[in-house]
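Shown here: model_24.pdb, PDB, C-alpha atoms.
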ATOM      1  CA  MET A   1      20.386  69.059 -39.648
ATOM      2  CA  LYS A   2      21.858  66.562 -42.126
ATOM      3  CA  ARG A   3      24.689  65.711 -39.723
ATOM      4  CA  HIS A   4      22.263  65.054 -36.882
ATOM      5  CA  PHE A   5      20.272  62.697 -39.120
ATOM      6  CA  VAL A   6      23.418  60.766 -40.123
ATOM      7  CA  ILE A   7      24.538  60.461 -36.485
ATOM      8  CA  ALA A   8      21.077  59.340 -35.358
ATOM      9  CA  ALA A   9      20.848  56.730 -38.143
ATOM     10  CA  ILE A  10      24.246  55.285 -37.221
ATOM     11  CA  VAL A  11      23.407  55.116 -33.496
ATOM     12  CA  VAL A  12      20.066  53.415 -34.191
ATOM     13  CA  GLY A  13      21.796  50.895 -36.478
ATOM     14  CA  PHE A  14      24.370  49.978 -33.834
ATOM     15  CA  LEU A  15      21.726  49.673 -31.116
ATOM     16  CA  ALA A  16      19.719  47.332 -33.357
ATOM     17  CA  LEU A  17      22.796  45.156 -33.896
ATOM     18  CA  VAL A  18      23.667  45.053 -30.202
ATOM     19  CA  GLY A  19      20.079  44.171 -29.315
ATOM     20  CA  ALA A  20      19.917  41.263 -31.758
ATOM     21  CA  SER A  21      19.376  37.875 -30.146
ATOM     22  CA  GLU A  22      22.372  35.658 -29.437
ATOM     23  CA  ALA A  23      20.056  32.663 -29.683
ATOM     24  CA  GLU A  24      19.818  32.997 -33.477
ATOM     25  CA  ALA A  25      21.496  30.331 -35.585
ATOM     26  CA  GLN A  26      25.097  30.917 -36.648
ATOM     27  CA  GLU A  27      23.906  31.392 -40.246
ATOM     28  CA  GLY A  28      22.461  34.761 -41.201
ATOM     29  CA  LEU A  29      22.741  38.154 -39.593
ATOM     30  CA  GLY A  30      22.536  38.647 -35.843
ATOM     31  CA  PHE A  31      24.781  39.417 -32.900
ATOM     32  CA  ARG A  32      27.600  36.853 -32.407
ATOM     33  CA  ASN A  33      30.173  38.643 -30.247
ATOM     34  CA  TRP A  34      31.884  41.974 -29.721
ATOM     35  CA  GLY A  35      35.388  43.214 -29.125
ATOM     36  CA  LEU A  36      37.643  46.085 -28.183
ATOM     37  CA  ARG A  37      40.254  47.517 -30.546
ATOM     38  CA  GLY A  38      43.016  50.103 -30.649
ATOM     39  CA  GLY A  39      46.035  51.130 -32.667
ATOM     40  CA  VAL A  40      47.705  53.828 -34.728
ATOM     41  CA  THR A  41      46.435  55.907 -37.630
ATOM     42  CA  ILE A  42      48.467  57.556 -40.393
ATOM     43  CA  GLY A  43      46.864  60.503 -42.181
ATOM     44  CA  PRO A  44      46.045  62.032 -39.711
ATOM     45  CA  ASP A  45      48.743  60.831 -37.298
ATOM     46  CA  GLN A  46      46.740  59.630 -34.309
ATOM     47  CA  GLY A  47      46.109  56.872 -31.837
ATOM     48  CA  HIS A  48      42.658  55.272 -31.942
ATOM     49  CA  VAL A  49      40.445  53.136 -29.689
ATOM     50  CA  GLY A  50      37.039  51.611 -30.268
ATOM     51  CA  PHE A  51      34.873  48.522 -30.465
ATOM     52  CA  HIS A  52      33.479  46.173 -33.100
ATOM     53  CA  ILE A  53      30.525  43.823 -33.398
ATOM     54  CA  ASN A  54      30.463  40.475 -35.210
ATOM     55  CA  ALA A  55      26.957  40.781 -36.661
ATOM     56  CA  GLY A  56      26.773  37.423 -38.425
ATOM     57  CA  ASN A  57      27.041  36.330 -42.041
ATOM     58  CA  PHE A  58      25.550  37.709 -45.247
ATOM     59  CA  ALA A  59      26.571  34.478 -46.961
ATOM     60  CA  GLU A  60      28.874  31.554 -46.229
ATOM     61  CA  LYS A  61      32.252  32.999 -45.105
ATOM     62  CA  VAL A  62      31.084  36.621 -45.607
ATOM     63  CA  ARG A  63      30.759  38.337 -42.218
ATOM     64  CA  PHE A  64      29.271  41.753 -41.409
ATOM     65  CA  GLN A  65      31.440  43.468 -38.800
ATOM     66  CA  PRO A  66      30.677  47.140 -38.097
ATOM     67  CA  SER A  67      33.012  49.078 -35.825
ATOM     68  CA  PHE A  68      33.379  52.478 -34.204
ATOM     69  CA  GLU A  69      36.709  54.150 -33.440
ATOM     70  CA  ILE A  70      37.769  57.457 -31.931
ATOM     71  CA  GLY A  71      41.109  58.912 -33.004
ATOM     72  CA  PHE A  72      42.983  61.494 -30.956
ATOM     73  CA  GLY A  73      46.043  63.598 -31.764
ATOM     74  CA  SER A  74      47.129  66.047 -34.496
ATOM     75  CA  ASN A  75      44.925  68.788 -32.990
ATOM     76  CA  ARG A  76      41.676  66.975 -33.798
ATOM     77  CA  TYR A  77      39.366  64.178 -32.744
ATOM     78  CA  VAL A  78      38.088  61.801 -35.416
ATOM     79  CA  GLY A  79      35.160  59.456 -34.840
ATOM     80  CA  VAL A  80      34.802  56.809 -37.552
ATOM     81  CA  VAL A  81      31.952  54.396 -38.176
ATOM     82  CA  ASN A  82      33.006  51.454 -40.363
ATOM     83  CA  LEU A  83      30.383  49.241 -42.006
ATOM     84  CA  ASP A  84      32.581  46.386 -43.232
ATOM     85  CA  ALA A  85      32.033  42.968 -44.794
ATOM     86  CA  PHE A  86      34.856  40.406 -44.472
ATOM     87  CA  TYR A  87      35.501  37.259 -46.474
ATOM     88  CA  THR A  88      37.009  34.774 -44.002
ATOM     89  CA  PHE A  89      39.413  32.118 -45.244
ATOM     90  CA  THR A  90      39.786  28.668 -43.718
ATOM     91  CA  GLY A  91      42.457  28.360 -41.058
ATOM     92  CA  ARG A  92      43.238  26.097 -38.124
ATOM     93  CA  SER A  93      44.887  28.174 -35.435
ATOM     94  CA  TRP A  94      44.243  31.495 -37.147
ATOM     95  CA  LEU A  95      41.525  32.917 -39.389
ATOM     96  CA  PRO A  96      42.691  35.325 -42.131
ATOM     97  CA  TYR A  97      40.199  37.723 -43.739
ATOM     98  CA  LEU A  98      39.930  40.357 -46.467
ATOM     99  CA  GLY A  99      37.194  42.928 -46.671
ATOM    100  CA  ALA A 100      35.838  46.288 -47.641
ATOM    101  CA  GLY A 101      33.152  48.661 -46.513
ATOM    102  CA  LEU A 102      31.835  52.157 -46.080
ATOM    103  CA  GLY A 103      33.594  54.452 -43.624
ATOM    104  CA  VAL A 104      31.994  57.644 -42.290
ATOM    105  CA  SER A 105      34.238  60.026 -40.351
ATOM    106  CA  PHE A 106      33.291  62.857 -38.008
ATOM    107  CA  THR A 107      36.244  65.226 -37.521
ATOM    108  CA  HIS A 108      36.310  67.872 -34.789
ATOM    109  CA  HIS A 109      39.226  70.279 -35.259
ATOM    110  CA  ASP A 110      40.944  72.212 -32.489
ATOM    111  CA  ARG A 111      39.586  75.752 -32.807
ATOM    112  CA  GLN A 112      43.058  77.254 -32.440
ATOM    113  CA  GLU A 113      44.182  75.431 -35.608
ATOM    114  CA  HIS A 114      41.100  76.249 -37.739
ATOM    115  CA  ARG A 115      38.791  79.207 -38.309
ATOM    116  CA  TYR A 116      35.703  77.433 -37.025
ATOM    117  CA  ASP A 117      34.763  75.090 -34.223
ATOM    118  CA  GLY A 118      32.629  72.519 -36.016
ATOM    119  CA  VAL A 119      32.461  68.950 -37.201
ATOM    120  CA  ASP A 120      33.255  67.790 -40.736
ATOM    121  CA  VAL A 121      31.368  64.689 -41.921
ATOM    122  CA  ASP A 122      33.068  62.714 -44.723
ATOM    123  CA  ALA A 123      32.734  59.269 -46.271
ATOM    124  CA  GLY A 124      35.005  56.846 -48.083
ATOM    125  CA  LEU A 125      35.815  53.210 -48.763
ATOM    126  CA  ASN A 126      37.792  50.930 -46.421
ATOM    127  CA  LEU A 127      39.997  48.124 -47.729
ATOM    128  CA  VAL A 128      40.842  45.696 -44.916
ATOM    129  CA  ALA A 129      43.193  42.740 -44.390
ATOM    130  CA  GLY A 130      43.677  40.949 -41.100
ATOM    131  CA  PHE A 131      43.535  37.788 -39.093
ATOM    132  CA  GLU A 132      42.121  36.450 -35.843
ATOM    133  CA  ALA A 133      44.079  33.986 -33.735
ATOM    134  CA  GLY A 134      44.009  32.185 -30.409
ATOM    135  CA  GLU A 135      41.344  30.105 -28.745
ATOM    136  CA  SER A 136      38.020  30.801 -30.519
ATOM    137  CA  ASN A 137      39.790  33.467 -32.629
ATOM    138  CA  ARG A 138      40.016  35.741 -29.617
ATOM    139  CA  TYR A 139      42.764  38.140 -30.788
ATOM    140  CA  LEU A 140      42.954  40.172 -33.979
ATOM    141  CA  LEU A 141      45.478  42.137 -36.021
ATOM    142  CA  GLU A 142      44.180  44.295 -38.840
ATOM    143  CA  ALA A 143      45.445  46.753 -41.477
ATOM    144  CA  ARG A 144      42.969  49.192 -43.026
ATOM    145  CA  ALA A 145      43.472  51.556 -45.991
ATOM    146  CA  GLY A 146      41.014  54.394 -46.494
ATOM    147  CA  VAL A 147      40.034  55.642 -49.941
ATOM    148  CA  GLY A 148      38.348  59.049 -49.936
ATOM    149  CA  ASP A 149      37.985  61.566 -47.117
ATOM    150  CA  ILE A 150      38.519  59.122 -44.243
ATOM    151  CA  PRO A 151      41.747  58.231 -42.380
ATOM    152  CA  ASP A 152      44.396  56.970 -44.843
ATOM    153  CA  PHE A 153      45.837  53.949 -43.022
ATOM    154  CA  LYS A 154      45.325  52.165 -39.707
ATOM    155  CA  VAL A 155      46.974  49.275 -37.909
ATOM    156  CA  THR A 156      44.724  47.836 -35.214
ATOM    157  CA  VAL A 157      44.962  45.123 -32.570
ATOM    158  CA  GLY A 158      41.969  43.828 -30.683
ATOM    159  CA  ILE A 159      40.317  41.233 -28.522
ATOM    160  CA  ASN A 160      36.962  39.475 -28.997
ATOM    161  CA  PHE A 161      34.621  38.563 -26.154
TER     162      PHE A 161
END

Could you express the structure from this file as structure tokens?
Amino acid sequence: MKRHFVIAAIVVGFLALVGASEAEAQEGLGFRNWGLRGGVTIGPDQGHVGFHINAGNFAEKVRFQPSFEIGFGSNRYVGVVNLDAFYTFTGRSWLPYLGAGLGVSFTHHDRQEHRYDGVDVDAGLNLVAGFEAGESNRYLLEARAGVGDIPDFKVTVGINF
């Protein structure tokens, strides 16, 4: 029951962010844009794909950017919800950022490799460094280290719309 509550709370949170008005001012929280992302994960060794939402600023230069990724490989599927805040530095043709946030992972193991066919729910801390580049910061490259029971390290590329 606890897992269902966590999943429902995360889905409701993302739907609220997606439904936020684009007409809001650029200051404060609210939907700004979204993007697609993908890359490689180490620990477990997987590929991952997903999406992210630029949900506005908590404060000047501090952006809230939740994301969802699904990892595949190593006889398991791992869904990860990342609730990250990024400090964005000033840049001309590229925008570097550093951040951190909560990561919640949902791991489904291949039944042949484990004694049960269930889902493990774990949480940890993400430490993130990356940059956005191109016209209107359209492209991104990001490195993410996980502390706790979430994926250990990820390298991700993406595009913003």

Point to revise | Residues returned when the PyMOL selection byres ((chain A and resi 91) around 12) runs on this file, as a ChimeraX atom specification | key: /A:61,88-90,92-97,131-134,136-137

Check your understanding: Distance CA of Asn160 (chain A)-CA of His52 (chain A), one decimal place?
Key -> 8.6 Å

Near-region 67-75 of chain A list (6 Å; all atoms listed in the file; drop same-chain fewer than 3 positions) as an mmCIF file with C-alpha atoms, in the frame of the given file:
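around-v2.cif written:
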data_model
loop_
_atom_site.group_PDB
_atom_site.id
_atom_site.type_symbol
_atom_site.label_atom_id
_atom_site.label_comp_id
_atom_site.auth_asym_id
_atom_site.auth_seq_id
_atom_site.Cartn_x
_atom_site.Cartn_y
_atom_site.Cartn_z
ATOM 1 C CA GLN A 46 46.740 59.630 -34.309
ATOM 2 C CA GLY A 47 46.109 56.872 -31.837
ATOM 3 C CA HIS A 48 42.658 55.272 -31.942
ATOM 4 C CA VAL A 49 40.445 53.136 -29.689
ATOM 5 C CA GLY A 50 37.039 51.611 -30.268
ATOM 6 C CA PHE A 51 34.873 48.522 -30.465
ATOM 7 C CA HIS A 52 33.479 46.173 -33.100
ATOM 8 C CA VAL A 78 38.088 61.801 -35.416
ATOM 9 C CA GLY A 79 35.160 59.456 -34.840
ATOM 10 C CA VAL A 80 34.802 56.809 -37.552
ATOM 11 C CA VAL A 81 31.952 54.396 -38.176
ATOM 12 C CA ASN A 82 33.006 51.454 -40.363
ATOM 13 C CA ASP A 110 40.944 72.212 -32.489
#

Translate the PyMOL selection byres ((chain A and resi 141) around 7), as applied to the file shown, into an explicit residue set as a PDB file with C-alpha atoms, in the coordinates of the input.
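Saved as result.pdb:
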ATOM      1  CA  GLY A 130      43.677  40.949 -41.100  1.00  0.00           C
ATOM      2  CA  PHE A 131      43.535  37.788 -39.093  1.00  0.00           C
ATOM      3  CA  GLU A 132      42.121  36.450 -35.843  1.00  0.00           C
ATOM      4  CA  LEU A 140      42.954  40.172 -33.979  1.00  0.00           C
ATOM      5  CA  GLU A 142      44.180  44.295 -38.840  1.00  0.00           C
ATOM      6  CA  THR A 156      44.724  47.836 -35.214  1.00  0.00           C
ATOM      7  CA  VAL A 157      44.962  45.123 -32.570  1.00  0.00           C
ATOM      8  CA  GLY A 158      41.969  43.828 -30.683  1.00  0.00           C
TER       9      GLY A 158
END

Review point. Taking the file as shown, what set of residues would the PyMOL selection byres ((chain A and resi 64) around 8) give back, as an MDAnalysis selection string?
Key: chainID A and resid 29 54:58 62:63 65:66 83:86

Exercise for review: Go through A:Gly28, A:Phe161, A:His108, A:Gly148 one by one, measure the shortest atom-to-atom distance of each to Gly43 (chain A) using only C-alpha atoms, and give the residue with the smallest value.
Suggested key: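 Closest to Gly43 (chain A), using only C-alpha atoms: A:Gly148.
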
Review point. Which one of A:Ile53, A:Asn126, A:Val40, A:Ala59 sits closest to Val155 (chain A) if you count only C-alpha atoms?
Key: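 The answer is A:Val40, which sits nearest to Val155 (chain A).
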
Practice item. May I have the residues at most 8 Å from (31.1, 67.0, -37.8) in the file's coordinates, counting only C-alpha atoms, as a list in words? Key: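 Output: Arg3, Phe106, Thr107, His108, Gly118, Val119, Asp120 and Val121 of chain A.
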
Exercise for review: Go ahead and compute the interatomic distance for CA of Gly99 (chain A) and CA of Asp152 (chain A), in Å to one decimal.
Suggested key: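 Taking CA of Gly99 (chain A) and CA of Asp152 (chain A), their separation equals 15.9 Å.
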
Point to revise | Pick from A:Gly35, A:Gly124, A:Pro44, A:Gly30, whichever lies nearest to Asp149 (chain A) using all atoms listed in the file | key: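 Of the candidates, the smallest distance to Asp149 (chain A) is held by A:Gly124.
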
Practice item. Check the smallest atom-to-atom distance from each of A:Tyr87, A:Leu127, A:Gly103, A:Leu36 to Glu60 (chain A) using only C-alpha atoms, then report the winner. Key: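 Of all the options, A:Tyr87 lies closest to Glu60 (chain A).
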
Review point. What does the distance from CA of Thr41 (chain A) to CA of Pro151 (chain A) come to in Å, to one decimal?
Key: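 It comes out at 7.1 Å.
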